[in-house]
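Colleague: Pasting in a structure now, in structure tokens, and then I'll have a few things to ask.
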Amino acid sequence: MKHLIIGAGAAGISAARTILKERAEDTVTIVSEDREVYSRCMLHRFISGERSAESINFINDGLLSCPRLDWIRGKTITRLDAAEKAVYAGDEKIASGDTVIIAAGANSVTPPIGELKTAKNAFGLRHLSDARSIAEAAGTAQRIAVIGAGLVGLDAADGLIELGERRGKRFDITVVEMAETALAINMDSRAALSYQRLFEERGVQFYLGRKVVNTAGGGGFISALELDTGAAVPCDMVIMAVGVRPAIGFLAGSGVNTGRAVTVDGKLQTNIPGIYAVGDAAGLSGIWPNAQKQGEVAAKNICGWDLPYEDRFAVKNTVNFFNLLTLSVGAFTPQEGDEVLTREDRNNYQKLILRNGAPAGVILQGNIAGSGFWQHLIKNKIRIDKLGKPAWKVSYADFYGVEQNGEYKWVV
Ligand SMILES: Cc1cc2nc3c(=O)[nH]c(=O)nc-3n(C[C@H](O)[C@H](O)[C@H](O)COP(=O)(O)OP(=O)(O)OC[C@H]3O[C@@H](n4cnc5c(N)ncnc54)[C@H](O)[C@@H]3O)c2cc1C
């Protein structure tokens with residue numbers, strides 16, 4: 001069989017690798033707009049100059065030289081013919097397959113504010129091309145405004161701080177965020193504040209709970225952002241990090257059901273048999289490990305398995321800025337009736353939410369040892385209230401039994 005994969009990101013590459021491993025006779029064609037394979041999670045290291053494009057390539061096993069894999073790069077698909085299972089760029093037919101995996105990821109959202117959509121000095125941060133534009137513009141910019149204090153916005157600020165340090169200068173970086181805290185979708189305000197302080201120590205100024213309402217400037221360049229308070233944030237460059245939208249415009253009229261993202265069933269198949277969607281294009285979660293896992297699950301289902309995609313944590317992420325690590329799994333905002341336990345010292349902050357006696361979420365900041373254990377309890381809603389010991393004292397040892405063959409197993 002011939003398999004067609006749209007996208008050479010985390011999800012598409014994982015799908016390709018899985019199919020080639022599962023089926024010794026089958027071939028895979030990947031079509032991507034990207035000309036290079038790279039980790040988006042490492043784009044800030046490219047901006048800072050610490051990493052080259054080659055060194056953020058996440059394939060290190062010769063996958064791309066497999067003779068059963070054809071990678072058509074630098075092609076922007078504009079149409080999918082679902083009946084023919086073929087993709088087109090304009091009128092040109094690029095490739096077709098017996099099955100299709102849509103792994104086209106997402107694009108940065110550009111807010112419809114002032115000249116953000118057209119200005120030559122306003123950039124998103126999603127693709128290597130964006131990182132190249134930012135690094136180039138940083139050659140002459142001094143004042144940089146970042147819209148959005150989520151992971152991507154802070155990644156951009158981090159990359160620019162490091163770039164400045166490498167050049168012996170300090171950029172004037174201002175971050176404007178609508179929410180009251182940084183990293184509002186990643187962790188609670190207490191954990192986020194630690195990061196805000198670390199950025200502030202490096203000269204970054206935060207406007208939290210503030211909206212950008214307009215831009216000022218001329219000649220195609222933005223010279224200031226106007227905030228809802230009337231304040232102006234002068235800038236030579238703007239980085240927009242306010243979210244992403246699945247890159248699925250090419251599915252219009254194809255018959256593949258979409259909402260904000262591609263609609264998939266529990267096995268990651270679309271409404272059209274043989275056409276699957278994975279990663280950010282499927283909108284189930286916006287993180288790298290889940291994109292990879294979905295690529296693998298869809299590919300296995302194509303190869304005859306019958307696997308549900310189950311890893312649907314609302315939140316599961318690891319954040320690391322300036323060597324402060326945070327792992328957040330599950331809920332971090334309590335609901336009515338939840339029990340919230342926190343503890344902290346100079347280097348650590350930990351928070352556990354217990355719902356009906358079982359952990360519903362945990363934040364570990366500083367030392368994240370034991371995170372796999374909490375993840376297991378949260379995912380499987382395992383009660384710990386009957387163990388008769390304080391929650392923080394619960395450990396793997398409370399749950400393991402030994403099989404007859406000597407293997408350890410979870411006992412609940
Ligand atoms: C700056 C940044 C930092 C991040 N940091 C983290 C992090 O620390 N941890 C984490 O878990 N996640 C992080 N993420 C999110 C993570 O990178 C994504 O969830 C992941 O890349 C999704 O993988 P994907 O394969 O679905 O999509 P992508 O990686 O976006 O790949 C999509 C592919 O589809 C191709 N494509 C798109 N449209 C077309 C078209 N019309 N025609 C042809 N090809 C097309 C693209 O060229 C690309 O090859 C970060 C993202 C960014 C941008």
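Letters A, B, ... mark the chains of the structure tokens in the order given; residue numbers begin at 1 per chain; ligand numbers begin at 1, in order shown.
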DSSP on the backbone, strand (DSSP E or B) only: what residues of segment 88-117 of chain A does that give? Format it as a ChimeraX atom specification.

Modeller: /A:88-89,92-96,99-102,106-108

Colleague: Create the file for the chosen residues now, containing N, CA and C atoms and written as a JSON list (two decimals), in the first residue's frame.

Modeller:
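Output contents, as saved in part.json:
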```
[["chain", "number", "residue", "atom", "x", "y", "z"],
["A", 88, "TYR", "N", -3.15, 18.51, -3.99],
["A", 88, "TYR", "CA", -2.81, 19.43, -5.09],
["A", 88, "TYR", "C", -2.22, 20.72, -4.55],
["A", 89, "ALA", "N", -1.30, 21.30, -5.32],
["A", 89, "ALA", "CA", -0.85, 22.67, -5.08],
["A", 89, "ALA", "C", -1.31, 23.45, -6.30],
["A", 92, "GLU", "N", -1.58, 21.61, -9.79],
["A", 92, "GLU", "CA", -0.58, 20.54, -9.88],
["A", 92, "GLU", "C", -0.88, 19.43, -8.87],
["A", 93, "LYS", "N", -1.03, 18.22, -9.40],
["A", 93, "LYS", "CA", -1.21, 17.08, -8.48],
["A", 93, "LYS", "C", 0.15, 16.71, -7.89],
["A", 94, "ILE", "N", 0.23, 16.74, -6.57],
["A", 94, "ILE", "CA", 1.53, 16.52, -5.93],
["A", 94, "ILE", "C", 1.75, 15.05, -5.59],
["A", 95, "ALA", "N", 0.73, 14.42, -5.03],
["A", 95, "ALA", "CA", 0.89, 13.02, -4.61],
["A", 95, "ALA", "C", -0.46, 12.43, -4.27],
["A", 96, "SER", "N", -0.50, 11.11, -4.18],
["A", 96, "SER", "CA", -1.74, 10.45, -3.76],
["A", 96, "SER", "C", -1.36, 9.19, -2.97],
["A", 99, "THR", "N", -4.11, 5.65, 1.65],
["A", 99, "THR", "CA", -4.58, 6.27, 2.89],
["A", 99, "THR", "C", -3.94, 7.65, 3.00],
["A", 100, "VAL", "N", -4.56, 8.49, 3.82],
["A", 100, "VAL", "CA", -4.01, 9.84, 4.02],
["A", 100, "VAL", "C", -3.98, 10.14, 5.52],
["A", 101, "ILE", "N", -2.87, 10.70, 5.96],
["A", 101, "ILE", "CA", -2.82, 11.22, 7.33],
["A", 101, "ILE", "C", -2.59, 12.73, 7.25],
["A", 102, "ILE", "N", -3.53, 13.47, 7.79],
["A", 102, "ILE", "CA", -3.41, 14.93, 7.80],
["A", 102, "ILE", "C", -2.66, 15.33, 9.07],
["A", 106, "ALA", "N", -0.39, 23.70, 12.71],
["A", 106, "ALA", "CA", -1.16, 24.92, 12.94],
["A", 106, "ALA", "C", -0.31, 26.12, 12.52],
["A", 107, "ASN", "N", -0.97, 27.27, 12.43],
["A", 107, "ASN", "CA", -0.27, 28.53, 12.16],
["A", 107, "ASN", "C", -0.56, 29.51, 13.29],
["A", 108, "SER", "N", 0.32, 30.48, 13.48],
["A", 108, "SER", "CA", 0.10, 31.51, 14.50],
["A", 108, "SER", "C", -1.12, 32.33, 14.12]]
```

Colleague: Within 7 Å of ligand 1 (counting only C-alpha atoms and all ligand atoms), which residues show up? I'd like them as a PDB file with N, CA and C atoms, in the first residue's frame.

Modeller:
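Heads up, here's the output in selection_26.pdb:
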```pdb
ATOM      1  N   ILE A   6       0.488  14.356   5.125  1.00  0.00           N
ATOM      2  CA  ILE A   6       0.600  15.805   4.888  1.00  0.00           C
ATOM      3  C   ILE A   6       1.229  16.411   6.135  1.00  0.00           C
ATOM      4  N   GLY A   7       2.501  16.830   6.024  1.00  0.00           N
ATOM      5  CA  GLY A   7       3.174  17.457   7.156  1.00  0.00           C
ATOM      6  C   GLY A   7       4.378  16.661   7.617  1.00  0.00           C
ATOM      7  N   ALA A   8       5.476  17.383   7.853  1.00  0.00           N
ATOM      8  CA  ALA A   8       6.723  16.749   8.317  1.00  0.00           C
ATOM      9  C   ALA A   8       7.099  17.257   9.701  1.00  0.00           C
ATOM     10  N   GLY A   9       6.081  17.397  10.558  1.00  0.00           N
ATOM     11  CA  GLY A   9       6.339  17.808  11.938  1.00  0.00           C
ATOM     12  C   GLY A   9       6.333  16.599  12.853  1.00  0.00           C
ATOM     13  N   ALA A  10       6.126  16.859  14.138  1.00  0.00           N
ATOM     14  CA  ALA A  10       6.166  15.783  15.135  1.00  0.00           C
ATOM     15  C   ALA A  10       5.203  14.654  14.774  1.00  0.00           C
ATOM     16  N   ALA A  11       3.979  15.014  14.395  1.00  0.00           N
ATOM     17  CA  ALA A  11       2.951  14.007  14.143  1.00  0.00           C
ATOM     18  C   ALA A  11       3.212  13.257  12.834  1.00  0.00           C
ATOM     19  N   GLY A  12       3.528  13.992  11.781  1.00  0.00           N
ATOM     20  CA  GLY A  12       3.730  13.372  10.468  1.00  0.00           C
ATOM     21  C   GLY A  12       4.928  12.440  10.457  1.00  0.00           C
ATOM     22  N   VAL A  31       4.361  15.039   2.199  1.00  0.00           N
ATOM     23  CA  VAL A  31       4.404  16.328   1.503  1.00  0.00           C
ATOM     24  C   VAL A  31       4.389  17.417   2.570  1.00  0.00           C
ATOM     25  N   SER A  32       5.314  18.346   2.493  1.00  0.00           N
ATOM     26  CA  SER A  32       5.310  19.416   3.498  1.00  0.00           C
ATOM     27  C   SER A  32       5.723  20.746   2.902  1.00  0.00           C
ATOM     28  N   GLU A  33       5.136  21.767   3.495  1.00  0.00           N
ATOM     29  CA  GLU A  33       5.531  23.137   3.176  1.00  0.00           C
ATOM     30  C   GLU A  33       6.939  23.371   3.725  1.00  0.00           C
ATOM     31  N   ASP A  34       7.199  22.830   4.902  1.00  0.00           N
ATOM     32  CA  ASP A  34       8.545  22.923   5.481  1.00  0.00           C
ATOM     33  C   ASP A  34       9.557  22.279   4.544  1.00  0.00           C
ATOM     34  N   SER A  39      12.490  20.863  15.348  1.00  0.00           N
ATOM     35  CA  SER A  39      11.620  20.900  16.522  1.00  0.00           C
ATOM     36  C   SER A  39      11.185  22.335  16.775  1.00  0.00           C
ATOM     37  N   ARG A  40       9.882  22.537  16.757  1.00  0.00           N
ATOM     38  CA  ARG A  40       9.356  23.876  17.062  1.00  0.00           C
ATOM     39  C   ARG A  40       9.666  24.268  18.508  1.00  0.00           C
ATOM     40  N   CYS A  41       9.773  23.274  19.366  1.00  0.00           N
ATOM     41  CA  CYS A  41      10.075  23.560  20.775  1.00  0.00           C
ATOM     42  C   CYS A  41      11.471  24.167  20.932  1.00  0.00           C
ATOM     43  N   MET A  42      12.303  24.056  19.899  1.00  0.00           N
ATOM     44  CA  MET A  42      13.677  24.550  20.003  1.00  0.00           C
ATOM     45  C   MET A  42      13.895  25.843  19.202  1.00  0.00           C
ATOM     46  N   LEU A  43      12.809  26.429  18.693  1.00  0.00           N
ATOM     47  CA  LEU A  43      12.989  27.623  17.848  1.00  0.00           C
ATOM     48  C   LEU A  43      13.644  28.775  18.614  1.00  0.00           C
ATOM     49  N   HIS A  44      13.379  28.844  19.925  1.00  0.00           N
ATOM     50  CA  HIS A  44      14.002  29.931  20.703  1.00  0.00           C
ATOM     51  C   HIS A  44      15.516  29.768  20.768  1.00  0.00           C
ATOM     52  N   LYS A  75       6.388  22.233  -0.646  1.00  0.00           N
ATOM     53  CA  LYS A  75       5.146  22.305  -1.449  1.00  0.00           C
ATOM     54  C   LYS A  75       3.990  22.650  -0.528  1.00  0.00           C
ATOM     55  N   THR A  76       3.266  23.684  -0.848  1.00  0.00           N
ATOM     56  CA  THR A  76       2.100  24.060  -0.049  1.00  0.00           C
ATOM     57  C   THR A  76       0.845  23.484  -0.692  1.00  0.00           C
ATOM     58  N   ILE A  77       0.254  22.554   0.002  1.00  0.00           N
ATOM     59  CA  ILE A  77      -0.957  21.918  -0.525  1.00  0.00           C
ATOM     60  C   ILE A  77      -2.120  22.900  -0.407  1.00  0.00           C
ATOM     61  N   THR A  78      -2.859  23.020  -1.486  1.00  0.00           N
ATOM     62  CA  THR A  78      -4.013  23.937  -1.438  1.00  0.00           C
ATOM     63  C   THR A  78      -5.340  23.187  -1.499  1.00  0.00           C
ATOM     64  N   ALA A 103      -1.441  15.824   8.891  1.00  0.00           N
ATOM     65  CA  ALA A 103      -0.605  16.200  10.045  1.00  0.00           C
ATOM     66  C   ALA A 103      -0.023  17.582   9.766  1.00  0.00           C
ATOM     67  N   ALA A 104      -0.927  18.495   9.392  1.00  0.00           N
ATOM     68  CA  ALA A 104      -0.484  19.806   8.885  1.00  0.00           C
ATOM     69  C   ALA A 104      -0.267  20.835   9.985  1.00  0.00           C
ATOM     70  N   GLY A 105      -0.461  20.447  11.245  1.00  0.00           N
ATOM     71  CA  GLY A 105      -0.117  21.358  12.336  1.00  0.00           C
ATOM     72  C   GLY A 105      -1.007  22.583  12.397  1.00  0.00           C
ATOM     73  N   ALA A 106      -0.390  23.697  12.707  1.00  0.00           N
ATOM     74  CA  ALA A 106      -1.155  24.923  12.937  1.00  0.00           C
ATOM     75  C   ALA A 106      -0.314  26.124  12.520  1.00  0.00           C
ATOM     76  N   LEU A 125       5.526  33.234  15.802  1.00  0.00           N
ATOM     77  CA  LEU A 125       6.638  32.299  16.037  1.00  0.00           C
ATOM     78  C   LEU A 125       6.082  30.888  15.982  1.00  0.00           C
ATOM     79  N   ARG A 126       6.111  30.322  14.793  1.00  0.00           N
ATOM     80  CA  ARG A 126       5.609  28.960  14.605  1.00  0.00           C
ATOM     81  C   ARG A 126       6.563  28.149  13.735  1.00  0.00           C
ATOM     82  N   HIS A 127       7.081  28.811  12.703  1.00  0.00           N
ATOM     83  CA  HIS A 127       7.898  28.093  11.719  1.00  0.00           C
ATOM     84  C   HIS A 127       9.358  28.549  11.817  1.00  0.00           C
ATOM     85  N   LEU A 151       3.600  30.079  26.628  1.00  0.00           N
ATOM     86  CA  LEU A 151       4.872  29.403  26.390  1.00  0.00           C
ATOM     87  C   LEU A 151       5.616  29.975  25.180  1.00  0.00           C
ATOM     88  N   VAL A 152       4.888  30.237  24.106  1.00  0.00           N
ATOM     89  CA  VAL A 152       5.550  30.703  22.880  1.00  0.00           C
ATOM     90  C   VAL A 152       6.076  32.126  23.060  1.00  0.00           C
ATOM     91  N   ASP A 155       9.033  31.903  25.245  1.00  0.00           N
ATOM     92  CA  ASP A 155      10.126  31.293  24.465  1.00  0.00           C
ATOM     93  C   ASP A 155      10.837  32.366  23.641  1.00  0.00           C
ATOM     94  N   ALA A 247      -3.866  24.393  10.650  1.00  0.00           N
ATOM     95  CA  ALA A 247      -3.556  24.777   9.262  1.00  0.00           C
ATOM     96  C   ALA A 247      -4.325  23.872   8.300  1.00  0.00           C
ATOM     97  N   ILE A 248      -5.627  24.051   8.270  1.00  0.00           N
ATOM     98  CA  ILE A 248      -6.448  23.091   7.524  1.00  0.00           C
ATOM     99  C   ILE A 248      -7.297  23.754   6.442  1.00  0.00           C
ATOM    100  N   PHE A 250      -6.775  24.014   3.442  1.00  0.00           N
ATOM    101  CA  PHE A 250      -6.784  23.236   2.191  1.00  0.00           C
ATOM    102  C   PHE A 250      -7.860  22.141   2.181  1.00  0.00           C
ATOM    103  N   VAL A 278      -4.082  14.043  12.773  1.00  0.00           N
ATOM    104  CA  VAL A 278      -3.288  13.910  14.011  1.00  0.00           C
ATOM    105  C   VAL A 278      -2.580  15.220  14.330  1.00  0.00           C
ATOM    106  N   GLY A 279      -2.101  15.307  15.558  1.00  0.00           N
ATOM    107  CA  GLY A 279      -1.305  16.465  15.963  1.00  0.00           C
ATOM    108  C   GLY A 279      -2.167  17.719  16.076  1.00  0.00           C
ATOM    109  N   ASP A 280      -1.518  18.869  15.930  1.00  0.00           N
ATOM    110  CA  ASP A 280      -2.227  20.137  16.132  1.00  0.00           C
ATOM    111  C   ASP A 280      -3.372  20.315  15.132  1.00  0.00           C
ATOM    112  N   ALA A 281      -3.283  19.659  13.986  1.00  0.00           N
ATOM    113  CA  ALA A 281      -4.367  19.761  12.990  1.00  0.00           C
ATOM    114  C   ALA A 281      -5.658  19.140  13.515  1.00  0.00           C
ATOM    115  N   GLY A 286      -2.248  20.620  22.186  1.00  0.00           N
ATOM    116  CA  GLY A 286      -1.274  21.363  21.377  1.00  0.00           C
ATOM    117  C   GLY A 286       0.142  21.129  21.808  1.00  0.00           C
ATOM    118  N   ILE A 287       0.454  19.883  22.172  1.00  0.00           N
ATOM    119  CA  ILE A 287       1.823  19.662  22.637  1.00  0.00           C
ATOM    120  C   ILE A 287       2.512  18.541  21.859  1.00  0.00           C
ATOM    121  N   TRP A 288       3.801  18.650  21.840  1.00  0.00           N
ATOM    122  CA  TRP A 288       4.671  17.802  21.042  1.00  0.00           C
ATOM    123  C   TRP A 288       4.492  16.300  21.322  1.00  0.00           C
ATOM    124  N   PRO A 289       4.605  15.843  22.584  1.00  0.00           N
ATOM    125  CA  PRO A 289       4.514  14.389  22.794  1.00  0.00           C
ATOM    126  C   PRO A 289       3.169  13.819  22.366  1.00  0.00           C
ATOM    127  N   ALA A 291       1.316  15.001  19.894  1.00  0.00           N
ATOM    128  CA  ALA A 291       1.322  14.972  18.418  1.00  0.00           C
ATOM    129  C   ALA A 291       2.032  13.702  17.945  1.00  0.00           C
ATOM    130  N   ASN A 317       2.254  19.450  30.796  1.00  0.00           N
ATOM    131  CA  ASN A 317       3.405  20.051  30.146  1.00  0.00           C
ATOM    132  C   ASN A 317       4.569  20.284  31.075  1.00  0.00           C
ATOM    133  N   THR A 318       5.685  20.404  30.456  1.00  0.00           N
ATOM    134  CA  THR A 318       6.905  20.694  31.192  1.00  0.00           C
ATOM    135  C   THR A 318       7.410  22.038  30.698  1.00  0.00           C
ATOM    136  N   VAL A 319       7.721  22.904  31.619  1.00  0.00           N
ATOM    137  CA  VAL A 319       8.230  24.225  31.253  1.00  0.00           C
ATOM    138  C   VAL A 319       9.599  24.371  31.896  1.00  0.00           C
TER     139      VAL A 319
END
```

Colleague: Quick one: pick out all alpha helix (DSSP H) residues within segment 349-387 of chain A from a backbone DSSP run and write them as a PyMOL selection string.

Modeller: chain A and resi 371-379

Colleague: Between A:Lys117, A:Asn290, A:Ile382, A:Ala86, which one has atoms that come closest to Gly220 of chain A, using only C-alpha atoms?

Modeller: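 Looking only at the distances to Gly220 of chain A, the closest residue turns out to be A:Lys117.
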
Colleague: Just checking: using only C-alpha atoms, which residue out of A:Met187, A:Leu80, A:Ala397, A:Ile47 ends up closest to Ala131 of chain A?

Modeller: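 Smallest separation from Ala131 of chain A among the options: A:Ile47.
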
Colleague: A:Ala369, A:Leu327, A:Leu227, A:Val262: which is nearest Gly249 of chain A, counting only C-alpha atoms?

Modeller: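 Answer, going by the shortest atom-to-atom distance: A:Val262.
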
Colleague: Which residue, A:Thr326, A:Ser55, A:Gln292, A:Ser48, has the smallest gap to Glu162 of chain A when you use only C-alpha atoms?

Modeller: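 Of A:Thr326, A:Ser55, A:Gln292, A:Ser48, the one nearest Glu162 of chain A, counting only C-alpha atoms, is A:Ser48.
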